[in-house]
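Colleague: Input file: structure34.cif. Contents: mmCIF, C-alpha atoms.
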data_work
loop_
_atom_site.label_atom_id
_atom_site.label_comp_id
_atom_site.auth_asym_id
_atom_site.auth_seq_id
_atom_site.Cartn_x
_atom_site.Cartn_y
_atom_site.Cartn_z
CA MET A 259 -142.01 137.02 13.18
CA ILE A 260 -139.10 139.42 12.94
CA ALA A 261 -137.01 136.62 11.48
CA VAL A 262 -139.49 136.14 8.65
CA VAL A 263 -139.50 139.86 7.89
CA GLY A 264 -135.70 139.87 7.88
CA LEU A 265 -135.64 136.84 5.61
CA VAL A 266 -138.01 138.49 3.15
CA VAL A 267 -135.88 141.65 3.19
CA GLY A 268 -132.82 139.50 2.52
CA VAL A 269 -134.50 137.70 -0.40
CA VAL A 270 -135.52 141.01 -1.96
CA ALA A 271 -132.01 142.38 -1.45
CA GLY A 272 -130.56 139.27 -3.08
CA LEU A 273 -132.89 139.61 -6.05
CA VAL A 274 -131.99 143.27 -6.48
CA LEU A 275 -128.25 143.05 -5.86
CA GLN A 276 -127.65 139.66 -7.51
CA PRO A 277 -124.43 138.96 -5.62
CA GLN A 278 -121.91 136.63 -7.18
CA VAL A 279 -121.37 133.29 -5.50
CA PRO A 280 -117.70 132.30 -5.25
CA VAL A 281 -116.86 129.45 -7.59
CA VAL A 282 -115.47 127.42 -4.70
CA LEU A 283 -118.89 127.23 -3.09
CA GLN A 284 -120.82 126.29 -6.21
CA PRO A 285 -120.82 122.49 -5.70
CA TYR A 286 -122.60 122.96 -2.37
CA LEU A 287 -125.34 125.27 -3.59
CA PRO A 288 -127.99 122.70 -4.59
CA ILE A 289 -127.85 120.90 -1.26
CA ALA A 290 -127.76 124.19 0.64
CA VAL A 291 -130.89 125.36 -1.15
CA VAL A 292 -132.69 122.09 -0.41
CA ALA A 293 -131.69 122.41 3.26
CA ALA A 294 -132.99 125.97 3.30
CA LEU A 295 -136.28 124.76 1.85
CA ASP A 296 -136.48 122.17 4.62
CA ALA A 297 -135.97 124.84 7.26
CA LEU A 298 -138.57 127.05 5.58
CA PHE A 299 -141.18 124.30 5.58
CA GLY A 300 -140.32 123.42 9.16
CA GLY A 301 -140.79 127.04 10.19
CA LEU A 302 -144.09 127.29 8.37
CA ARG A 303 -145.37 124.16 10.04
CA ALA A 304 -144.23 125.38 13.43
CA MET A 305 -146.05 128.64 12.80
CA LEU A 306 -149.25 126.79 12.04
CA ASP A 307 -148.70 124.60 15.09
CA GLY A 308 -148.33 127.74 17.17
CA LEU A 309 -144.80 126.79 18.13
CA PHE A 310 -142.88 129.24 15.98
CA ASP A 311 -139.80 130.77 17.48
CA ASP A 312 -137.54 133.25 15.72
CA LYS A 313 -134.34 132.00 17.22
CA VAL A 314 -135.03 128.33 16.63
CA PHE A 315 -136.08 129.06 13.07
CA LEU A 316 -132.97 131.01 12.17
CA VAL A 317 -130.58 128.69 13.98
CA SER A 318 -132.10 125.64 12.32
CA PHE A 319 -131.99 127.43 8.96
CA LEU A 320 -128.32 128.32 9.36
CA SER A 321 -127.29 124.95 10.75
CA ASN A 322 -129.23 123.13 8.03
CA VAL A 323 -127.44 124.99 5.27
CA VAL A 324 -124.02 124.72 6.87
CA VAL A 325 -124.35 121.06 7.81
CA ALA A 326 -125.67 120.10 4.38
CA ALA A 327 -122.80 121.86 2.65
CA LEU A 328 -120.37 120.32 5.10
CA ILE A 329 -121.66 116.83 4.43
CA VAL A 330 -121.25 117.30 0.70
CA PHE A 331 -117.77 118.74 1.24
CA LEU A 332 -116.79 115.76 3.39
CA GLY A 333 -118.27 113.39 0.84
CA ASP A 334 -116.27 115.04 -1.91
CA GLN A 335 -113.11 114.63 0.11
CA LEU A 336 -113.89 110.96 0.75
CA GLY A 337 -114.90 110.25 -2.83
CA VAL A 338 -118.56 109.59 -2.03
CA GLY A 339 -119.82 113.10 -2.72
CA SER A 340 -122.64 112.16 -5.03
CA GLN A 341 -123.86 109.34 -2.78
CA LEU A 342 -123.87 111.56 0.28
CA SER A 343 -125.66 114.26 -1.70
CA THR A 344 -128.31 111.69 -2.56
CA ALA A 345 -128.60 110.68 1.09
CA VAL A 346 -129.03 114.28 2.20
CA VAL A 347 -131.58 114.97 -0.51
CA VAL A 348 -133.56 111.84 0.42
CA VAL A 349 -133.69 112.68 4.11
CA LEU A 350 -134.48 116.36 3.55
CA GLY A 351 -137.00 115.44 0.88
CA ILE A 352 -138.88 113.15 3.25
CA ARG A 353 -138.90 115.86 5.89
CA ILE A 354 -140.15 118.44 3.44
CA PHE A 355 -142.91 116.11 2.34
CA SER A 356 -143.98 115.32 5.92
CA ASN A 357 -143.98 118.98 6.87
CA ALA A 358 -145.88 119.87 3.72
CA ALA A 359 -148.44 117.19 4.62
CA ALA A 360 -148.80 118.67 8.12
CA ILE A 361 -149.23 122.13 6.66
CA ARG A 362 -151.84 120.78 4.28
CA ARG A 363 -153.73 119.23 7.20
CA HIS A 364 -153.65 122.56 8.98
CA ILE A 365 -154.94 124.53 6.04
CA PHE A 366 -157.43 122.14 4.47
CA LYS A 367 -158.21 120.06 7.55
CA ALA A 368 -157.82 117.02 5.39
CA MET B 284 -131.45 118.00 12.24
CA THR B 285 -131.68 118.99 15.84
CA ALA B 286 -130.37 122.43 16.51
CA ASP B 287 -129.59 121.67 20.10
CA GLY B 288 -129.25 118.60 22.23
CA THR B 289 -132.43 118.97 24.19
CA PRO B 290 -134.55 115.87 24.33
CA PRO B 291 -137.84 116.15 22.50
CA GLN B 292 -140.51 117.47 24.78
CA ARG B 293 -143.34 116.36 22.62
CA PRO B 294 -143.65 112.68 21.95
CA PRO B 295 -144.24 111.63 18.36
CA VAL B 296 -147.80 112.43 17.47
CA ARG B 297 -148.59 108.98 16.20
CA ARG B 298 -146.92 105.68 16.07
CA GLY B 299 -147.05 104.24 12.63
CA PRO B 300 -146.79 100.62 11.71
CA VAL B 301 -143.04 100.98 11.39
CA ASP B 302 -141.17 98.63 13.64
CA ALA B 303 -139.95 100.24 16.82
CA SER B 304 -136.42 99.06 16.22
CA MET B 305 -136.15 101.11 13.04
CA THR B 306 -135.38 104.30 14.90
CA LEU B 307 -133.91 106.09 11.93
CA LEU B 308 -137.01 105.63 9.82
CA ASN B 309 -139.27 106.50 12.74
CA GLU B 310 -137.25 109.62 13.34
CA VAL B 311 -137.41 110.70 9.74
CA MET B 312 -141.00 109.76 9.00
CA HIS B 313 -142.87 110.71 12.15
CA ARG B 314 -141.07 113.63 13.66
CA PRO B 315 -139.99 115.88 10.85
CA LEU B 316 -140.53 119.06 12.86
CA ASP B 317 -137.43 120.31 14.55
CA PRO B 318 -137.71 119.43 18.27
CA GLY B 319 -136.20 122.82 19.06
CA TYR B 320 -139.54 124.45 18.32
CA ALA B 321 -141.28 122.34 20.93
CA ALA B 322 -138.50 122.98 23.42
CA ALA B 323 -138.69 126.72 22.87
CA ALA B 324 -142.46 126.64 23.24
CA ALA B 325 -142.17 124.71 26.47
CA ALA B 326 -139.60 127.17 27.77
CA ARG B 327 -141.91 130.05 26.88
CA ALA B 328 -144.74 128.38 28.69
CA ALA B 329 -142.58 127.90 31.76
CA ASP B 330 -141.03 131.38 31.89
CA GLY B 331 -143.93 133.39 30.68
CA ALA B 332 -143.43 136.01 27.94
CA PRO B 333 -140.00 135.89 26.37
CA ARG B 334 -137.68 138.78 27.03
CA ARG B 335 -135.36 139.81 24.28
CA THR B 336 -132.46 142.16 24.56
CA ARG B 337 -131.98 144.79 21.86
CA SER B 338 -128.72 143.23 20.67
CA GLY B 339 -130.42 139.85 20.40
CA VAL B 340 -133.08 141.27 18.10
CA VAL B 341 -130.47 143.00 15.95
CA LEU B 342 -128.52 139.78 15.71
CA LEU B 343 -131.63 137.88 14.66
CA VAL B 344 -132.49 140.43 11.97
CA VAL B 345 -128.95 140.50 10.60
CA LEU B 346 -128.84 136.73 10.51
CA ALA B 347 -132.22 136.55 8.77
CA VAL B 348 -131.24 139.10 6.13
CA LEU B 349 -127.94 137.36 5.59
CA LEU B 350 -129.59 133.97 5.16
CA GLY B 351 -132.13 135.42 2.75
CA VAL B 352 -129.43 137.00 0.62
CA VAL B 353 -127.31 133.86 0.60
CA THR B 354 -130.20 131.57 -0.31
CA THR B 355 -131.42 133.88 -3.04
CA ALA B 356 -127.93 134.23 -4.46
CA ALA B 357 -127.55 130.45 -4.47
CA ALA B 358 -130.88 129.94 -6.17
CA ILE B 359 -130.14 132.59 -8.81
CA ASP B 360 -126.72 131.12 -9.43
CA LEU B 361 -128.16 127.63 -9.84
CA ARG B 362 -130.73 128.81 -12.33
CA ALA B 363 -128.21 130.63 -14.53
CA PRO B 364 -126.61 128.52 -17.26
CA ARG B 365 -122.97 127.78 -16.72
CA PRO B 366 -120.99 130.42 -18.64
CA ALA B 367 -117.98 128.15 -19.06
CA VAL B 368 -120.07 125.48 -20.75
CA LEU B 369 -121.76 128.03 -23.00
CA GLU B 370 -118.44 129.56 -23.91
CA ALA B 371 -116.90 126.23 -24.81
CA ARG B 372 -119.94 125.37 -26.86
CA ALA B 373 -119.86 128.67 -28.72
CA THR B 374 -116.16 128.24 -29.40
CA LEU B 375 -116.71 124.78 -30.82
CA GLU B 376 -119.62 125.96 -32.95
CA GLN B 377 -117.52 128.82 -34.26
CA GLU B 378 -114.70 126.45 -35.06
CA ILE B 379 -116.99 124.09 -36.92
CA THR B 380 -118.44 126.94 -38.98
CA ASP B 381 -115.00 128.31 -39.74
CA ARG B 382 -113.60 124.97 -40.79
CA GLN B 383 -116.64 124.24 -42.93
CA ALA B 384 -116.31 127.59 -44.68
CA GLN B 385 -112.63 126.87 -45.15
CA ALA B 386 -113.36 123.44 -46.63
CA ASP B 387 -116.01 124.90 -48.92
CA ALA B 388 -113.63 127.59 -50.14
CA LEU B 389 -110.94 125.01 -50.79
CA ALA B 390 -113.40 122.78 -52.66
CA THR B 391 -114.42 125.73 -54.84
CA ARG B 392 -110.80 126.55 -55.49
CA SER B 393 -110.11 122.93 -56.33
CA GLY B 394 -112.97 122.94 -58.81
CA GLU B 395 -111.67 126.13 -60.45
CA LEU B 396 -108.20 124.71 -60.70
CA SER B 397 -109.35 121.47 -62.27
CA ALA B 398 -111.41 123.42 -64.78
CA GLN B 399 -108.26 125.40 -65.54
CA ILE B 400 -106.30 122.17 -65.91
CA GLY B 401 -108.93 120.89 -68.31
CA THR B 402 -108.72 124.05 -70.43
CA LEU B 403 -104.95 123.99 -70.47
CA GLN B 404 -104.99 120.32 -71.37
CA ASP B 405 -107.32 120.98 -74.28
CA GLU B 406 -105.08 123.79 -75.45
CA ALA B 407 -101.94 121.75 -75.16
CA LEU B 408 -103.50 118.84 -76.98
CA GLY B 409 -105.13 121.06 -79.58
CA GLY B 410 -102.81 119.89 -82.32
CA LEU B 411 -103.57 116.22 -81.82
CA SER B 412 -106.08 114.20 -83.70
CA ASP B 413 -109.73 114.21 -82.74
CA SER B 414 -109.69 110.54 -81.84
CA VAL B 415 -107.17 111.13 -79.08
CA LEU B 416 -109.26 113.97 -77.68
CA ALA B 417 -112.36 111.83 -77.82
CA ASP B 418 -110.47 109.09 -76.00
CA LEU B 419 -109.47 111.54 -73.34
CA ALA B 420 -113.02 112.80 -72.83
CA GLN B 421 -114.28 109.23 -72.70
CA GLU B 422 -111.80 108.23 -70.08
CA GLY B 423 -112.40 111.42 -68.14
CA ALA B 424 -116.05 110.44 -67.94
CA LEU B 425 -115.12 106.96 -66.80
CA THR B 426 -112.69 108.05 -64.13
CA GLY B 427 -115.13 110.64 -62.90
CA SER B 428 -112.89 113.60 -63.50
CA GLN B 429 -115.27 115.06 -66.07
CA ALA B 430 -118.74 116.32 -65.39
CA VAL B 431 -121.19 114.32 -67.45
CA GLU B 432 -124.84 114.46 -68.33
CA GLY B 433 -127.22 112.07 -69.93
CA PRO B 434 -130.20 109.82 -69.28
CA GLY B 435 -130.21 107.52 -66.31
CA VAL B 436 -131.98 106.54 -63.11
CA ILE B 437 -132.27 108.02 -59.66
CA VAL B 438 -132.54 105.72 -56.68
CA THR B 439 -133.69 107.58 -53.60
CA LEU B 440 -133.38 106.19 -50.07
CA ASP B 441 -134.58 107.99 -46.98
CA ASP B 442 -134.21 107.28 -43.31
CA ALA B 443 -137.33 106.08 -41.57
CA GLY B 444 -139.12 108.81 -39.64
CA GLY B 445 -137.99 111.59 -41.93
CA GLY B 446 -134.37 111.15 -41.02
CA GLY B 447 -134.36 114.07 -38.63
CA LEU B 448 -131.05 114.28 -36.85
CA GLY B 449 -131.30 114.03 -33.12
CA SER B 450 -134.75 112.53 -32.96
CA ASP B 451 -134.65 110.06 -30.15
CA ASP B 452 -136.68 107.32 -31.75
CA ALA B 453 -134.39 107.18 -34.76
CA SER B 454 -132.61 103.99 -33.83
CA SER B 455 -129.71 102.79 -35.87
CA ALA B 456 -131.86 100.20 -37.64
CA SER B 457 -134.17 102.83 -39.11
CA LEU B 458 -131.30 104.72 -40.73
CA VAL B 459 -129.86 104.06 -44.16
CA HIS B 460 -126.52 102.33 -43.75
CA ASP B 461 -123.44 102.62 -45.88
CA SER B 462 -123.85 98.99 -46.90
CA ASP B 463 -127.32 99.76 -48.31
CA LEU B 464 -125.87 102.45 -50.55
CA GLN B 465 -122.97 100.19 -51.52
CA ARG B 466 -125.39 97.52 -52.58
CA VAL B 467 -127.42 99.90 -54.73
CA VAL B 468 -124.33 101.46 -56.28
CA ASN B 469 -122.77 98.10 -57.09
CA ALA B 470 -126.00 96.98 -58.73
CA LEU B 471 -126.00 100.15 -60.83
CA TRP B 472 -122.40 99.63 -61.88
CA SER B 473 -123.16 96.08 -62.86
CA GLY B 474 -126.12 97.38 -64.84
CA GLY B 475 -123.81 99.41 -67.02
CA ALA B 476 -123.82 102.76 -65.27
CA GLU B 477 -121.23 105.05 -66.79
CA ALA B 478 -121.19 107.59 -64.00
CA VAL B 479 -122.66 107.47 -60.51
CA ALA B 480 -123.03 110.19 -57.93
CA ILE B 481 -124.62 110.19 -54.47
CA ASN B 482 -126.00 113.55 -53.41
CA ASP B 483 -123.75 115.23 -56.00
CA GLN B 484 -120.66 113.40 -54.79
CA ARG B 485 -119.29 111.73 -57.90
CA LEU B 486 -118.05 108.20 -57.42
CA THR B 487 -114.78 107.21 -59.03
CA GLY B 488 -112.79 104.01 -59.06
CA LEU B 489 -111.18 105.12 -55.80
CA SER B 490 -114.31 106.28 -54.02
CA ALA B 491 -115.32 104.77 -50.72
CA ILE B 492 -118.79 104.69 -49.19
CA ARG B 493 -118.25 104.36 -45.50
CA SER B 494 -119.94 105.23 -42.27
CA ALA B 495 -118.72 107.12 -39.27
CA GLY B 496 -121.17 106.79 -36.42
CA ASP B 497 -124.60 107.33 -37.94
CA ALA B 498 -123.30 109.45 -40.80
CA ILE B 499 -122.51 108.12 -44.24
CA LEU B 500 -119.34 109.39 -45.83
CA VAL B 501 -118.56 109.35 -49.52
CA ASP B 502 -114.89 110.14 -49.97
CA LEU B 503 -114.88 111.56 -46.44
CA GLN B 504 -117.73 113.95 -47.28
CA PRO B 505 -120.64 113.44 -44.90
CA LEU B 506 -124.01 113.08 -46.60
CA VAL B 507 -127.43 114.03 -45.29
CA ALA B 508 -130.57 112.00 -45.91
CA PRO B 509 -132.41 111.61 -48.23
CA TYR B 510 -129.81 109.93 -50.38
CA HIS B 511 -130.15 110.35 -54.15
CA VAL B 512 -128.07 107.85 -56.07
CA GLU B 513 -127.89 109.18 -59.61
CA ALA B 514 -126.52 106.99 -62.36
CA VAL B 515 -126.05 107.93 -65.99
CA GLY B 516 -126.37 105.05 -68.40
CA ASP B 517 -128.91 102.76 -69.98
CA ALA B 518 -131.89 103.15 -67.68
CA ASP B 519 -133.56 99.88 -68.63
CA ALA B 520 -130.36 97.89 -68.20
CA MET B 521 -129.72 99.44 -64.82
CA ARG B 522 -133.25 98.82 -63.62
CA SER B 523 -133.09 95.22 -64.70
CA ALA B 524 -129.71 94.93 -62.99
CA LEU B 525 -131.29 96.21 -59.78
CA VAL B 526 -133.75 93.37 -59.99
CA ARG B 527 -131.23 90.77 -61.14
CA THR B 528 -128.71 91.46 -58.38
CA GLY B 529 -131.40 91.36 -55.71
CA ALA B 530 -131.02 95.02 -54.83
CA SER B 531 -134.71 95.63 -55.45
CA ASP B 532 -135.68 92.84 -53.08
CA TYR B 533 -133.26 94.25 -50.57
CA LEU B 534 -134.82 97.71 -50.85
CA ARG B 535 -138.28 96.19 -50.39
CA LEU B 536 -137.01 94.38 -47.32
CA LEU B 537 -135.63 97.63 -45.92
CA SER B 538 -138.99 99.25 -46.53
CA SER B 539 -141.08 96.54 -44.90
CA GLN B 540 -138.76 95.74 -42.01
CA TYR B 541 -137.28 99.09 -41.10
CA GLY B 542 -139.50 101.66 -42.79
CA ILE B 543 -136.69 102.93 -45.03
CA GLU B 544 -138.52 104.28 -48.06
CA SER B 545 -136.89 104.07 -51.44
CA SER B 546 -137.80 104.75 -55.04
CA VAL B 547 -136.29 104.08 -58.45
CA ALA B 548 -137.08 106.53 -61.22
CA ALA B 549 -135.80 106.87 -64.77
CA GLN B 550 -134.67 110.32 -65.82
CA SER B 551 -134.23 111.62 -69.33
CA ARG B 552 -131.42 113.93 -68.32
CA LEU B 553 -129.10 113.87 -65.33
CA ALA B 554 -126.12 116.13 -64.76
CA LEU B 555 -123.37 114.75 -62.56
CA PRO B 556 -120.48 116.88 -61.37
CA GLY B 557 -116.89 115.87 -61.95
CA ARG B 558 -114.29 115.17 -59.34
CA PRO B 559 -110.72 116.42 -59.48
CA THR B 560 -108.36 114.01 -61.15
CA PRO B 561 -106.91 111.70 -58.53
CA THR B 562 -103.25 111.75 -57.82
CA LEU B 563 -101.39 109.01 -59.60
CA TYR B 564 -99.68 106.94 -56.97
CA PHE B 565 -97.78 104.44 -59.09
CA ALA B 566 -98.10 105.33 -62.73
CA SER B 567 -95.48 107.63 -64.16
CA VAL B 568 -95.11 108.94 -67.65
CA PRO B 569 -91.73 108.07 -69.09
CA GLY B 570 -91.93 109.96 -72.35
CA ALA B 571 -94.78 111.41 -74.28
CA PRO B 572 -97.65 112.71 -72.16
CA VAL B 573 -100.22 111.35 -74.59
CA ASP B 574 -99.93 107.67 -73.73
CA SER B 575 -100.49 108.05 -70.00
CA ASP B 576 -103.08 105.85 -68.43
CA PRO B 577 -105.58 108.11 -66.67
CA ASP B 578 -106.57 105.36 -64.30
CA PRO B 579 -104.15 104.91 -61.45
CA ALA B 580 -102.63 101.48 -61.27
CA GLY B 581 -103.55 101.18 -57.62
CA SER B 582 -107.25 101.11 -58.17
CA GLY B 583 -107.35 97.83 -60.02
CA THR B 584 -111.11 98.01 -60.14
CA SER B 585 -111.85 99.08 -63.68
CA ASP B 586 -111.14 96.87 -66.61
CA GLU B 587 -110.62 99.54 -69.15
CA ASP B 588 -108.49 97.39 -71.38
CA THR B 589 -111.71 95.81 -72.56
CA ALA B 590 -113.07 99.21 -73.52
CA PRO B 591 -114.42 99.40 -77.01
CA PRO B 592 -112.89 101.81 -79.50
CA ALA B 593 -113.56 105.42 -78.83
CA GLY B 594 -116.64 106.88 -80.38
CA THR B 595 -118.93 103.94 -79.77
CA ASP B 596 -121.35 103.88 -76.94
CA SER B 597 -119.61 102.41 -73.97
CA SER B 598 -122.67 101.22 -72.14
CA ASP B 599 -121.23 97.75 -71.81
CA GLN B 600 -118.22 98.89 -69.87
CA ARG B 601 -118.17 97.81 -66.28
CA GLN B 602 -116.75 99.32 -63.23
CA GLU B 603 -117.67 96.50 -61.01
CA SER B 604 -116.52 97.41 -57.62
CA VAL B 605 -117.07 100.53 -55.66
CA GLU B 606 -115.85 99.92 -52.27
#
Taking this structure as input, can you express it in the form of structure tokens?

Modeller:
Amino acid sequence: MIAVVGLVVGVVAGLVLQPQVPVVLQPYLPIAVVAALDALFGGLRAMLDGLFDDKVFLVSFLSNVVVAALIVFLGDQLGVGSQLSTAVVVVLGIRIFSNAAAIRRHIFKA
Amino acid sequence: MTADGTPPQRPPVRRGPVDASMTLLNEVMHRPLDPGYAAAAAARAADGAPRRTRSGVVLLVVLAVLLGVVTTAAAIDLRAPRPAVLEARATLEQEITDRQAQADALATRSGELSAQIGTLQDEALGGLSDSVLADLAQEGALTGSQAVEGPGVIVTLDDAGGGGLGSDDASSASLVHDSDLQRVVNALWSGGAEAVAINDQRLTGLSAIRSAGDAILVDLQPLVAPYHVEAVGDADAMRSALVRTGASDYLRLLSSQYGIESSVAAQSRLALPGRPTPTLYFASVPGAPVDSDPDPAGSGTSDEDTAPPAGTDSSDQRQESVE
């Protein structure tokens, strides 16, 4: 639970401080945000499943963001950046949908 | 994305109809929850309550705050419009406005100067006989260098769908084309029009009605719908010429097929602006300035040598071709 509190504090700090993102990193932002969303939904589902774990949540969050950005970076270097971005978005999108469905089942029992 | 290499402790909750050989799809569809959660839960169950060192907690909090800040910053950055794009756009807009103002100023100046030229010409030719001056005015009206007024007709064409620029459904077929205007103008000339202007752009023997993209240019000046073709001359003759040359049928076809509305109306008084005298490309004046031919030899489109003597109505003069 401490991880969630820390995350909320970080979000508020980000909203207040509005830090500048280096231009170099800008191409990787969309994918990184989608990966973060995936981790968020995964954590929420785990919480509802009673399996939540701070460490696993944060590590999966961090690795999701880093790996997604890395894949896009590699794709850019290989000339297939947009295709790899699509692949990542498709996979993460399916996961987000499945997790959202599980969360829905938990909440609405339907 | 598995955070660690531990094998999944919890088997997939349900086996779907997906074929067992399609492991990738099975993995994605039926086990979206990170297996690390299950592993951690199993470890907790085995070891009892988890023990956390103080430094571990601090690390977790720092990491969480950091991730929150980074994600928020990324999201904010993605939502903000790109300043470079905006800047380039503003620069281009500014440039367009500046150039347009510049062109307008130059056009005004050009108009002033040609008015000055006209005054000076009248002064210089003041001693000559009235017939020569009348000739000059007549030919000025024919070449389009003089502003004229008189009775005539207005043919109005408008793009289908109001002609709003940028509306998506305005396909090319529903717009007025340069050839449509050419057809109308040629019919008016053949009906004895003495002066024609489209949206206050006077047509001369050297004028061109062209298109660039979806825009219609008259002498490189872009026009905006609706298009008013104003022609000074014998209204009845011009209206019958519209019918005789098939332009009326053509306009009806445009209306029924493409929704391009048009109208022909007689006017008791029309005022058409003049256009600065064109540069003479080939003709030069060897001696007296009086005998110069105001029509440049390069145009070859007006048969002014058949013009009747000055002073009579010149409604039967033709300027057949406006390309």

Colleague: Quick check on the file I pasted: which residues fall under the PyMOL selection byres ((chain A and resi 327) around 12)? Write them as a PDB file with C-alpha atoms, in the coordinates of the input.

Modeller:
ATOM      1  CA  VAL A 282    -115.470 127.420  -4.700  1.00  0.00           C
ATOM      2  CA  LEU A 283    -118.890 127.230  -3.090  1.00  0.00           C
ATOM      3  CA  GLN A 284    -120.820 126.290  -6.210  1.00  0.00           C
ATOM      4  CA  PRO A 285    -120.820 122.490  -5.700  1.00  0.00           C
ATOM      5  CA  TYR A 286    -122.600 122.960  -2.370  1.00  0.00           C
ATOM      6  CA  LEU A 287    -125.340 125.270  -3.590  1.00  0.00           C
ATOM      7  CA  PRO A 288    -127.990 122.700  -4.590  1.00  0.00           C
ATOM      8  CA  ILE A 289    -127.850 120.900  -1.260  1.00  0.00           C
ATOM      9  CA  ALA A 290    -127.760 124.190   0.640  1.00  0.00           C
ATOM     10  CA  VAL A 291    -130.890 125.360  -1.150  1.00  0.00           C
ATOM     11  CA  VAL A 292    -132.690 122.090  -0.410  1.00  0.00           C
ATOM     12  CA  ALA A 293    -131.690 122.410   3.260  1.00  0.00           C
ATOM     13  CA  ALA A 294    -132.990 125.970   3.300  1.00  0.00           C
ATOM     14  CA  LEU A 320    -128.320 128.320   9.360  1.00  0.00           C
ATOM     15  CA  SER A 321    -127.290 124.950  10.750  1.00  0.00           C
ATOM     16  CA  ASN A 322    -129.230 123.130   8.030  1.00  0.00           C
ATOM     17  CA  VAL A 323    -127.440 124.990   5.270  1.00  0.00           C
ATOM     18  CA  VAL A 324    -124.020 124.720   6.870  1.00  0.00           C
ATOM     19  CA  VAL A 325    -124.350 121.060   7.810  1.00  0.00           C
ATOM     20  CA  ALA A 326    -125.670 120.100   4.380  1.00  0.00           C
ATOM     21  CA  LEU A 328    -120.370 120.320   5.100  1.00  0.00           C
ATOM     22  CA  ILE A 329    -121.660 116.830   4.430  1.00  0.00           C
ATOM     23  CA  VAL A 330    -121.250 117.300   0.700  1.00  0.00           C
ATOM     24  CA  PHE A 331    -117.770 118.740   1.240  1.00  0.00           C
ATOM     25  CA  LEU A 332    -116.790 115.760   3.390  1.00  0.00           C
ATOM     26  CA  GLY A 333    -118.270 113.390   0.840  1.00  0.00           C
ATOM     27  CA  ASP A 334    -116.270 115.040  -1.910  1.00  0.00           C
ATOM     28  CA  GLY A 339    -119.820 113.100  -2.720  1.00  0.00           C
ATOM     29  CA  LEU A 342    -123.870 111.560   0.280  1.00  0.00           C
ATOM     30  CA  SER A 343    -125.660 114.260  -1.700  1.00  0.00           C
ATOM     31  CA  VAL A 346    -129.030 114.280   2.200  1.00  0.00           C
ATOM     32  CA  VAL A 347    -131.580 114.970  -0.510  1.00  0.00           C
TER      33      VAL A 347
END

Colleague: Up to 8 Å from chain B, what residues of chain A turn up? Count only C-alpha atoms and give them as a PyMOL selection string.

Modeller: chain A and resi 260-262+264-273+276-279+287-288+290-291+294+300+303-304+309-322+349+352-354+356-357

Colleague: Interatomic distance between atom CA of B:Gln404 and atom CA of B:Tyr564?

Modeller: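 The value is 20.4 Å.
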
Colleague: As a PyMOL selection string, please: the residues near B:Thr439 (cut-off 12 Å, all atoms listed in the file, same-chain neighbours under 5 positions excluded).

Modeller: chain B and resi 459+463-464+467-468+480-482+508-514+534+543-549

Colleague: What lies within 8 Å of B:Gly516 using only C-alpha atoms, ignoring chain neighbours under 6 positions off, as a ChimeraX atom specification?

Modeller: /B:433-436,475-478,598

Colleague: For the atom pair atom CA of B:Asp497 and atom CA of B:Ala384, what is the interatomic distance in Å to one decimal place?

Modeller: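 Atom-to-atom, atom CA of B:Asp497 and atom CA of B:Ala384 are spaced 22.9 Å apart.
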
Colleague: Between B:Asp442, B:Asp461, B:Asp483, B:Asp418, which has the minimum distance to B:Leu537 (counting all atoms listed in the file)?

Modeller: B:Asp442

Colleague: Enter the distance from atom CA of B:Ile437 to atom CA of B:Gln550, in Å, rounded to one decimal.

Modeller: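 Atom-to-atom, atom CA of B:Ile437 to atom CA of B:Gln550, that is 7.0 Å.
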